[in-house]
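Worksheet for the structure shown next.
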Amino acid sequence: MVIPNRLLHPVKEAAALLGIGRTAVYELIKTEELTSTMLAGRRLIPYAALVKYAAAQVAADQGDIEQPTDDGSA
């Protein structure tokens with residue numbers, strides 16, 4: 001169960017919030033694309049890091065879409 005308004009999320013919850021698997025979350029942590037911290041022996045991801053990562057993905061996707069020019073062509 002994902003608890004909204006939590007500042008730190010365990011990997012399983014972070015994966016659910018991002019719509020990806022736990023292995024993918026660990027890979028994002030390994031490649032430093034997603035910030036995490038250890039607390040009481042648990043790997044936790046700050047909610048702000050999840051929002052930052054998701055926003056970067058949306059921005060990258062929008063950059064891949066050809067924007068129409070003033071004359072209407074792509």
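Within each chain, counting starts at residue 1; across the structure tokens, chains are named A, B, ... in the order shown, with ligands numbered 1 upward in that order.
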Name the residues of chain A that come out as alpha helix (DSSP H) in a backbone DSSP run; write them as a PyMOL selection string. chain A and resi 11-18+22-30+47-64
Quick one: residues within 7 Å of stretch 43-46 of chain A, only C-alpha atoms, excluding same-chain residues fewer than 2 positions away - as a PDB file with C-alpha atoms, in the first residue's frame?
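As a result, out-v4.pdb now contains:
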```
ATOM      1  CA  LEU A   7       8.469  11.956   2.613  1.00  0.00           C
ATOM      2  CA  LEU A   8      10.463   8.746   2.153  1.00  0.00           C
ATOM      3  CA  HIS A   9       9.255   5.679   0.267  1.00  0.00           C
ATOM      4  CA  PRO A  10      10.654   2.145   0.309  1.00  0.00           C
ATOM      5  CA  VAL A  11      11.700   0.747  -3.063  1.00  0.00           C
ATOM      6  CA  ALA A  14       8.632   4.014  -5.219  1.00  0.00           C
ATOM      7  CA  THR A  35      18.402   9.662  -5.230  1.00  0.00           C
ATOM      8  CA  SER A  36      18.042   7.358  -2.256  1.00  0.00           C
ATOM      9  CA  THR A  37      19.159   7.065   1.335  1.00  0.00           C
ATOM     10  CA  MET A  38      19.620   4.330   3.900  1.00  0.00           C
ATOM     11  CA  LEU A  39      17.683   4.657   7.146  1.00  0.00           C
ATOM     12  CA  GLY A  41      18.860  -0.577   7.266  1.00  0.00           C
ATOM     13  CA  ALA A  48      10.911  14.843  -4.060  1.00  0.00           C
ATOM     14  CA  ALA A  49      13.373  12.585  -5.935  1.00  0.00           C
ATOM     15  CA  LEU A  50      10.468  10.649  -7.454  1.00  0.00           C
TER      16      LEU A  50
END
```
Between A:Val2, A:Gln57, A:Gln62, A:Glu32, single out the one closest to A:Ala15, counting only C-alpha atoms. A:Val2
Name the residues in contact with A:Lys12 at a cut-off of 12 Å, using only C-alpha atoms, excluding same-chain residues fewer than 6 positions from it; report them as an NGL selection string. :A and (1-3 or 18-26 or 42-45)
Expected file: the selected residues, C-alpha atoms, as a PDB file, in the first residue's frame:
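Wrote it out as part.pdb, contents follow:
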```pdb
ATOM      1  CA  MET A   1       0.000   0.000   0.000  1.00  0.00           C
ATOM      2  CA  VAL A   2       1.359   3.409  -0.983  1.00  0.00           C
ATOM      3  CA  ILE A   3       0.897   6.075   1.659  1.00  0.00           C
ATOM      4  CA  LEU A  18       6.597   5.379 -10.910  1.00  0.00           C
ATOM      5  CA  GLY A  19       4.776   2.465 -12.528  1.00  0.00           C
ATOM      6  CA  ILE A  20       7.940   0.382 -12.894  1.00  0.00           C
ATOM      7  CA  GLY A  21       9.397  -2.694 -11.209  1.00  0.00           C
ATOM      8  CA  ARG A  22      11.625  -2.838  -8.139  1.00  0.00           C
ATOM      9  CA  THR A  23      14.587  -3.978 -10.236  1.00  0.00           C
ATOM     10  CA  ALA A  24      14.233  -0.875 -12.407  1.00  0.00           C
ATOM     11  CA  VAL A  25      14.206   1.331  -9.306  1.00  0.00           C
ATOM     12  CA  TYR A  26      17.414  -0.303  -8.051  1.00  0.00           C
ATOM     13  CA  ARG A  42      16.206   0.259   4.660  1.00  0.00           C
ATOM     14  CA  ARG A  43      16.739   1.812   1.227  1.00  0.00           C
ATOM     15  CA  LEU A  44      14.351   4.781   0.968  1.00  0.00           C
ATOM     16  CA  ILE A  45      13.654   7.196  -1.875  1.00  0.00           C
TER      17      ILE A  45
END
```
Using DSSP assignments from the backbone, pull out every residue in chain A that falls under strand (DSSP E or B) and give it to me as a PyMOL selection string. chain A and resi 8-10+37-39+42-46
